[in-house]
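Written below as structure tokens is the structure these notes are about.
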Amino acid sequence: MRSFYVTTAIPYVNAEPHLGFALELVQADVLARYHRLCGDDTWFLTGTDENSLTNVLAAERAGVPVSSLVDRNAAVFRALTGVLNVSHDDFIRTSAEARHREGARALWRACAAAGDIYRQHYRGLYCIRCERFYATDELVDGACPEHLSVPEVVEEENYFFRLSRYAGRLAELLDSGALRVAPESRHREVRAFVAGGLTDFSISRTLARARGWGIGVPDDPDQVMYVWFDALANYVTALGYGGDAERLSRHWLDNPHRVHVIGKDIVRFHAVYWPAMLLSAGLPLPSRILVHGFLTREGRRMSKTLGTGVDPIALVGDWGVDAVRYWLLREVPASDDADYTEAGFARVYTADLANDLGNLVQRTVSLLHRARDGVVRSGALDAPSPLASAVAAVPDALQRGLGEGWDPRRALDAIFAVVSAGNRRVEETKPWVLLRAEREGDVEAGRRLDATL
Ligand SMILES: [Zn+2]
């Protein structure tokens, strides 16, 4: 049996989940379900990233303790997995669980033991909402390019991670394909970034600036870990890193298929920082990083404050979970941006699901009940026929779309080719005519009806 491990990124919980995160959950879920169907030893992890300073600020504004705020918001994200019928095996919360806290500290110690962590005075421009430092030339008119807000000047003693040491190794791993980023354009982007040389980055902040929130640095009561250092660690702490090693061995150390599904805004963290941390700690790297694009609404960036957000829970309430999952896989390219419009959603729902698939299921099931009490008598599909060829093409298309490659639309093309061929078959064989003939004593018509049903 092959092994397969897949994760989503863990979202900040300071805002309600939006449709873009639903996309990521559903993409990862499809991979997990496909590999389980193939008989692979599959493990699917999701969770929430809770140690961000943005949570502290949101809790201050709301006048509640940070832990209550993250408990409440994490529950919304957990509920979303249920609403979307996501088949995750584990859900990790980075602020609430000892396994994560201890695992993140163990990872820190391993990097420190490798000589990759040192203390240094630092002054930089920090965007709190991104939770990262920016170089002056990365800013747009002096503001964060993501949030358009002016970053604050932060000056303090921090711990740094010796990222500069790993540029050569990362370049080799990217070139050999041991570390693969999909799509290829993202892979080239990462490769070019690494070729430009890597700068050490700060992996802690003072306890005072963190307002006491976060995971403490081992053996230093005045510093907490930079939220990304602990957040990235979730992919191994959830498997027991720093504690019980059985699951870690099974799904990370001894499993060559370690897949992260992420958004395009956090590629550098996953394809550069995280692999370097793993190299430092002597752990295997992710084998594939699948990068999806962003969703817009009527051409505008989804934002609650702009009123352009789409609530995935409300959408499921309106259309049903399978329709929402279908739209996310059918209309959103695996790695490009896509636009959500109500009219577009309704069109796909009506054309593909209500008409094509719905008609086929309705006609088949109702006739099967009317003619055969709901029991299929003949399992054999008479070949060759367009329907038989469409069915025969499915496993290969799924393998290309969901196994070695990543293109769920390609998999759906093959499945809907079966739907079209099935509908054509019903129209050509006219099983209701066969049923009438059979009832009038035509045995051959009855045989053909069984084959069709
Ligand atoms: Zn920002």
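Identifiers in the structure tokens: chain A, B, ... in order shown; residue index from 1 per chain; ligand index from 1 in order shown.
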
Quick one: pick out all strand (DSSP E or B) residues within region 12-234 of chain A from a backbone DSSP run and write them as number ranges by chain.
-> A: 12, 41-49, 90-93, 117-127, 132-134, 140, 143, 152-161, 180-182, 201-202, 204-206, 216-217, 220-225

Enumerate residues in contact with ligand 1: an atom-to-atom distance of at most 9 Å, counting only C-alpha atoms and all ligand atoms. Format the result as a PyMOL selection string.
-> chain A and resi 126-132+134+143-151

Tell me which of A:Gly39, A:Pro183, A:Pro11, A:Pro17 sits closest to Val310 (chain A), counting only C-alpha atoms.
-> A:Pro17

With region 25-32 of chain A as the partner and 12 Å as the cut-off, tabulate the residues of region 339-419 of chain A that qualify, each row holding the nearest pair of atoms and their distance in Å to one decimal, using only C-alpha atoms, sorted by chain and rising number, as a Markdown table.
| residue | atom | partner | partner_atom | distance |
| --- | --- | --- | --- | --- |
| A:Leu398 | CA | A:Leu31 | CA | 10.4 |
| A:Gln399 | CA | A:Leu31 | CA | 10.7 |
| A:Gly401 | CA | A:Leu31 | CA | 9.8 |
| A:Leu402 | CA | A:Leu31 | CA | 6.3 |
| A:Gly403 | CA | A:Leu31 | CA | 7.8 |
| A:Glu404 | CA | A:Leu31 | CA | 10.8 |
| A:Gly405 | CA | A:Leu31 | CA | 10.7 |
| A:Trp406 | CA | A:Leu31 | CA | 8.9 |
| A:Asp407 | CA | A:Gln27 | CA | 9.9 |
| A:Pro408 | CA | A:Gln27 | CA | 8.2 |
| A:Arg409 | CA | A:Gln27 | CA | 11.2 |
| A:Ala411 | CA | A:Val30 | CA | 10.8 |
| A:Leu412 | CA | A:Val30 | CA | 11.6 |

Counting only C-alpha atoms, which of A:Thr237, A:Ser366, A:Asn51, A:Thr429 gets nearest to His100 (chain A)?
->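 For His100 (chain A), the nearest of the candidates is A:Thr237.
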
Straight-line distance linking CA of Thr8 (chain A) with CA of Ile266 (chain A), stated in Å to one decimal =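 Atom-to-atom, CA of Thr8 (chain A) and CA of Ile266 (chain A) are spaced 11.8 Å apart.
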
A:Leu290, A:Arg425, A:Phe160, A:Tyr349: which is nearest Arg325 (chain A), counting only C-alpha atoms?
->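 Smallest separation from Arg325 (chain A) among the options: A:Tyr349.
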
Length of the CA of Asp141 (chain A) to CA of Arg61 (chain A) vector [Å] |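 It comes out at 28.3 Å.
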
For Arg247 (chain A), list every protein, DNA or RNA residue within 12 Å, evaluated using only C-alpha atoms, and leave out those in the same chain fewer than 5 positions away; present the list as a ChimeraX atom specification.
-> /A:3,5,41-43,90,235-242,252-255

Could you save those same residues with C-alpha atoms as a PDB file, in the first residue's frame?
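As a result, out22.pdb now contains:
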ATOM      1  CA  SER A   3       1.027   6.276   1.768  1.00  0.00           C
ATOM      2  CA  TYR A   5      -0.455  12.715   3.467  1.00  0.00           C
ATOM      3  CA  ASP A  41      -2.781   4.738   3.556  1.00  0.00           C
ATOM      4  CA  THR A  42      -4.121   8.303   3.640  1.00  0.00           C
ATOM      5  CA  TRP A  43      -3.998  10.999   6.315  1.00  0.00           C
ATOM      6  CA  ASP A  90      -7.299  15.339  12.196  1.00  0.00           C
ATOM      7  CA  TYR A 235       2.283  19.750   9.605  1.00  0.00           C
ATOM      8  CA  VAL A 236       4.577  17.586  11.738  1.00  0.00           C
ATOM      9  CA  THR A 237       3.448  18.389  15.292  1.00  0.00           C
ATOM     10  CA  ALA A 238      -0.009  17.042  14.417  1.00  0.00           C
ATOM     11  CA  LEU A 239       1.691  13.756  13.498  1.00  0.00           C
ATOM     12  CA  GLY A 240       3.426  13.600  16.866  1.00  0.00           C
ATOM     13  CA  TYR A 241       6.767  15.298  16.211  1.00  0.00           C
ATOM     14  CA  GLY A 242       8.468  15.835  19.562  1.00  0.00           C
ATOM     15  CA  TRP A 252       5.978  11.847   7.200  1.00  0.00           C
ATOM     16  CA  LEU A 253       9.314  10.079   7.716  1.00  0.00           C
ATOM     17  CA  ASP A 254       8.553   6.864   5.828  1.00  0.00           C
ATOM     18  CA  ASN A 255       5.996   8.268   3.391  1.00  0.00           C
TER      19      ASN A 255
END

Any idea what's packed within 8 Å of Ala9 (chain A), counting only C-alpha atoms, ignoring anything in its chain fewer than 2 positions away? Could you give it as a count of residues only?
-> 8

Residue with smallest distance to Thr54 (chain A) - pool A:Asn14, A:Ser185, A:Ser420, A:Thr452, counting only C-alpha atoms =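 Of all the options, A:Asn14 lies closest to Thr54 (chain A).
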
Of the candidates A:Pro395, A:Val324, A:Ser249, A:Ile117, which one gets nearest to Tyr34 (chain A) if we count only C-alpha atoms?
-> A:Pro395

List the neighbours of Ala15 (chain A) out to 10 Å using only C-alpha atoms; skip same-chain residues closer than 6 positions along the sequence, and give me the result as a list of chain:residue names.
->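 Here the answer would be A:Thr54, A:Asn55, A:Ala58, A:Asn73, A:Ala74, A:Val76, A:Phe77, A:Lys304.
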
Write the residues of the selection above to a file with N, CA, C and O atoms, as an mmCIF file, in the first residue's frame.
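Result file is again17.cif:
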data_model
loop_
_atom_site.group_PDB
_atom_site.id
_atom_site.type_symbol
_atom_site.label_atom_id
_atom_site.label_comp_id
_atom_site.auth_asym_id
_atom_site.auth_seq_id
_atom_site.Cartn_x
_atom_site.Cartn_y
_atom_site.Cartn_z
ATOM 1 N N THR A 54 -2.724 39.375 15.390
ATOM 2 C CA THR A 54 -4.015 39.935 14.965
ATOM 3 C C THR A 54 -5.142 39.455 15.887
ATOM 4 O O THR A 54 -6.107 40.184 16.112
ATOM 5 N N ASN A 55 -5.018 38.246 16.419
ATOM 6 C CA ASN A 55 -6.032 37.748 17.357
ATOM 7 C C ASN A 55 -6.029 38.549 18.642
ATOM 8 O O ASN A 55 -7.074 38.818 19.234
ATOM 9 N N ALA A 58 -7.693 41.843 17.865
ATOM 10 C CA ALA A 58 -9.146 41.665 17.705
ATOM 11 C C ALA A 58 -9.810 41.439 19.062
ATOM 12 O O ALA A 58 -10.893 41.970 19.331
ATOM 13 N N ASN A 73 -13.799 31.500 17.291
ATOM 14 C CA ASN A 73 -13.560 31.544 15.845
ATOM 15 C C ASN A 73 -13.086 30.197 15.297
ATOM 16 O O ASN A 73 -13.458 29.812 14.191
ATOM 17 N N ALA A 74 -12.279 29.480 16.076
ATOM 18 C CA ALA A 74 -11.834 28.160 15.622
ATOM 19 C C ALA A 74 -13.032 27.229 15.446
ATOM 20 O O ALA A 74 -13.061 26.404 14.530
ATOM 21 N N VAL A 76 -15.908 28.046 14.368
ATOM 22 C CA VAL A 76 -16.551 28.336 13.078
ATOM 23 C C VAL A 76 -15.829 27.600 11.949
ATOM 24 O O VAL A 76 -16.458 27.028 11.058
ATOM 25 N N PHE A 77 -14.486 27.602 12.012
ATOM 26 C CA PHE A 77 -13.717 26.906 10.977
ATOM 27 C C PHE A 77 -13.935 25.389 11.062
ATOM 28 O O PHE A 77 -14.021 24.707 10.050
ATOM 29 N N LYS A 304 -15.069 41.127 3.319
ATOM 30 C CA LYS A 304 -16.279 41.321 4.097
ATOM 31 C C LYS A 304 -16.597 42.808 4.208
ATOM 32 O O LYS A 304 -17.741 43.219 4.078
#

Among region 188-300 of chain A, which ones does DSSP place in alpha helix (DSSP H), written as number ranges by chain?
-> A: 188-195, 227-237, 246-248, 267-268, 274-281

Figure out the distance between CA of Glu331 (chain A) and CA of Ala346 (chain A), please, to one decimal in Å.
->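 Rounded to one decimal, the two atoms are 11.9 Å apart.
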
Write out as a list in words each polymer residue whose atoms come within 10 Å of Pro431 (chain A), counting only C-alpha atoms; drop sequence neighbours fewer than 5 positions from it.
->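 The contact residues come out as Arg363, Thr364, Leu367, Leu368, Ala371, Arg425, Val426, Arg436, Ala437, Ala445, Gly446, Arg448, Leu449, Asp450, Ala451, Thr452 and Leu453 of chain A.
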
What would the file look like if the residues just selected were written as a short mmCIF file (atom, residue, chain, number, x, y, z; two decimals), in the first residue's frame with all heavy atoms?
data_model
loop_
_atom_site.label_atom_id
_atom_site.label_comp_id
_atom_site.auth_asym_id
_atom_site.auth_seq_id
_atom_site.Cartn_x
_atom_site.Cartn_y
_atom_site.Cartn_z
N ARG A 363 -33.98 9.65 -14.81
CA ARG A 363 -34.54 8.72 -15.79
C ARG A 363 -34.14 7.28 -15.47
O ARG A 363 -34.94 6.36 -15.54
CB ARG A 363 -34.05 9.07 -17.21
CG ARG A 363 -34.55 10.44 -17.65
CD ARG A 363 -34.48 10.58 -19.14
NE ARG A 363 -33.13 10.88 -19.60
CZ ARG A 363 -32.85 11.25 -20.85
NH1 ARG A 363 -33.81 11.35 -21.75
NH2 ARG A 363 -31.62 11.51 -21.20
N THR A 364 -32.87 7.11 -15.10
CA THR A 364 -32.37 5.76 -14.84
C THR A 364 -33.04 5.15 -13.62
O THR A 364 -33.55 4.04 -13.65
CB THR A 364 -30.84 5.81 -14.62
OG1 THR A 364 -30.26 6.51 -15.71
CG2 THR A 364 -30.26 4.42 -14.53
N LEU A 367 -36.90 4.53 -13.99
CA LEU A 367 -37.20 3.41 -14.88
C LEU A 367 -36.79 2.07 -14.24
O LEU A 367 -37.48 1.07 -14.37
CB LEU A 367 -36.49 3.59 -16.22
CG LEU A 367 -37.13 2.79 -17.35
CD1 LEU A 367 -38.48 3.38 -17.74
CD2 LEU A 367 -36.21 2.73 -18.56
N LEU A 368 -35.67 2.12 -13.54
CA LEU A 368 -35.20 0.91 -12.86
C LEU A 368 -36.24 0.45 -11.84
O LEU A 368 -36.50 -0.74 -11.68
CB LEU A 368 -33.85 1.19 -12.20
CG LEU A 368 -33.08 -0.01 -11.67
CD1 LEU A 368 -32.72 -0.98 -12.79
CD2 LEU A 368 -31.81 0.45 -10.96
N ALA A 371 -39.48 -0.77 -13.87
CA ALA A 371 -39.35 -2.01 -14.65
C ALA A 371 -38.79 -3.17 -13.85
O ALA A 371 -39.07 -4.33 -14.14
CB ALA A 371 -38.46 -1.75 -15.86
N ARG A 425 -27.31 7.45 -24.63
CA ARG A 425 -27.69 6.04 -24.67
C ARG A 425 -29.18 5.86 -24.35
O ARG A 425 -29.88 5.08 -25.00
CB ARG A 425 -26.82 5.28 -23.66
CG ARG A 425 -27.11 3.81 -23.57
CD ARG A 425 -26.77 3.10 -24.89
NE ARG A 425 -26.89 1.68 -24.71
CZ ARG A 425 -25.86 0.91 -24.31
NH1 ARG A 425 -24.67 1.42 -24.11
NH2 ARG A 425 -26.04 -0.38 -24.15
N VAL A 426 -29.64 6.61 -23.35
CA VAL A 426 -31.06 6.54 -22.98
C VAL A 426 -31.92 6.98 -24.16
O VAL A 426 -32.92 6.35 -24.50
CB VAL A 426 -31.36 7.41 -21.74
CG1 VAL A 426 -32.86 7.48 -21.47
CG2 VAL A 426 -30.62 6.86 -20.52
N ARG A 436 -42.35 -1.40 -22.76
CA ARG A 436 -43.70 -1.64 -23.30
C ARG A 436 -43.68 -2.93 -24.14
O ARG A 436 -44.55 -3.80 -23.99
CB ARG A 436 -44.13 -0.45 -24.16
CG ARG A 436 -45.64 -0.22 -24.14
CD ARG A 436 -46.04 0.99 -24.98
NE ARG A 436 -45.30 2.19 -24.63
CZ ARG A 436 -44.74 3.03 -25.53
NH1 ARG A 436 -44.82 2.78 -26.83
NH2 ARG A 436 -44.08 4.10 -25.13
N ALA A 437 -42.63 -3.08 -24.97
CA ALA A 437 -42.52 -4.27 -25.82
C ALA A 437 -42.40 -5.53 -24.97
O ALA A 437 -43.00 -6.56 -25.26
CB ALA A 437 -41.31 -4.14 -26.75
N ALA A 445 -36.58 -7.71 -26.23
CA ALA A 445 -36.69 -6.33 -25.74
C ALA A 445 -36.36 -6.29 -24.24
O ALA A 445 -35.69 -5.37 -23.75
CB ALA A 445 -38.09 -5.79 -25.99
N GLY A 446 -36.81 -7.29 -23.50
CA GLY A 446 -36.52 -7.36 -22.06
C GLY A 446 -35.03 -7.51 -21.81
O GLY A 446 -34.49 -6.91 -20.87
N ARG A 448 -32.61 -6.46 -23.79
CA ARG A 448 -31.96 -5.19 -24.12
C ARG A 448 -32.25 -4.13 -23.05
O ARG A 448 -31.42 -3.28 -22.75
CB ARG A 448 -32.41 -4.70 -25.51
CG ARG A 448 -31.69 -5.46 -26.63
CD ARG A 448 -32.33 -5.27 -27.98
NE ARG A 448 -32.44 -3.87 -28.36
CZ ARG A 448 -33.38 -3.38 -29.15
NH1 ARG A 448 -34.32 -4.19 -29.63
NH2 ARG A 448 -33.39 -2.10 -29.47
N LEU A 449 -33.44 -4.20 -22.44
CA LEU A 449 -33.77 -3.28 -21.37
C LEU A 449 -32.82 -3.51 -20.18
O LEU A 449 -32.30 -2.55 -19.58
CB LEU A 449 -35.23 -3.49 -20.92
CG LEU A 449 -35.70 -2.63 -19.75
CD1 LEU A 449 -35.58 -1.15 -20.06
CD2 LEU A 449 -37.17 -2.97 -19.39
N ASP A 450 -32.57 -4.78 -19.84
CA ASP A 450 -31.65 -5.08 -18.74
C ASP A 450 -30.25 -4.54 -19.03
O ASP A 450 -29.62 -3.94 -18.15
CB ASP A 450 -31.57 -6.61 -18.51
CG ASP A 450 -32.69 -7.07 -17.59
OD1 ASP A 450 -33.05 -6.30 -16.70
OD2 ASP A 450 -33.18 -8.19 -17.79
N ALA A 451 -29.81 -4.74 -20.24
CA ALA A 451 -28.47 -4.26 -20.60
C ALA A 451 -28.40 -2.73 -20.46
O ALA A 451 -27.42 -2.17 -19.96
CB ALA A 451 -28.12 -4.69 -22.03
N THR A 452 -29.46 -2.06 -20.89
CA THR A 452 -29.49 -0.59 -20.83
C THR A 452 -29.54 -0.11 -19.38
O THR A 452 -28.81 0.80 -18.99
CB THR A 452 -30.70 -0.06 -21.60
OG1 THR A 452 -30.60 -0.51 -22.95
CG2 THR A 452 -30.73 1.46 -21.56
N LEU A 453 -30.41 -0.76 -18.61
CA LEU A 453 -30.53 -0.32 -17.20
C LEU A 453 -29.25 -0.58 -16.44
O LEU A 453 -28.85 0.23 -15.60
CB LEU A 453 -31.70 -1.06 -16.51
CG LEU A 453 -33.07 -0.60 -16.96
CD1 LEU A 453 -34.15 -1.49 -16.36
CD2 LEU A 453 -33.33 0.86 -16.55
#

Measuring atom to atom with only C-alpha atoms, identify which of A:Asp396, A:Glu50, A:Asp318, A:Asp116 is nearest to Ala96 (chain A).
->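 Using only C-alpha atoms, Ala96 (chain A) sits closest to A:Glu50.
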
Name all residues at most 12 Å from Asp352 (chain A) (count only C-alpha atoms; drop same-chain ones fewer than 2 positions away) and give them as an MDAnalysis selection string.
-> chainID A and resid 323 326:327 330:331 344:350 354:360 412:413 415:417 419:420
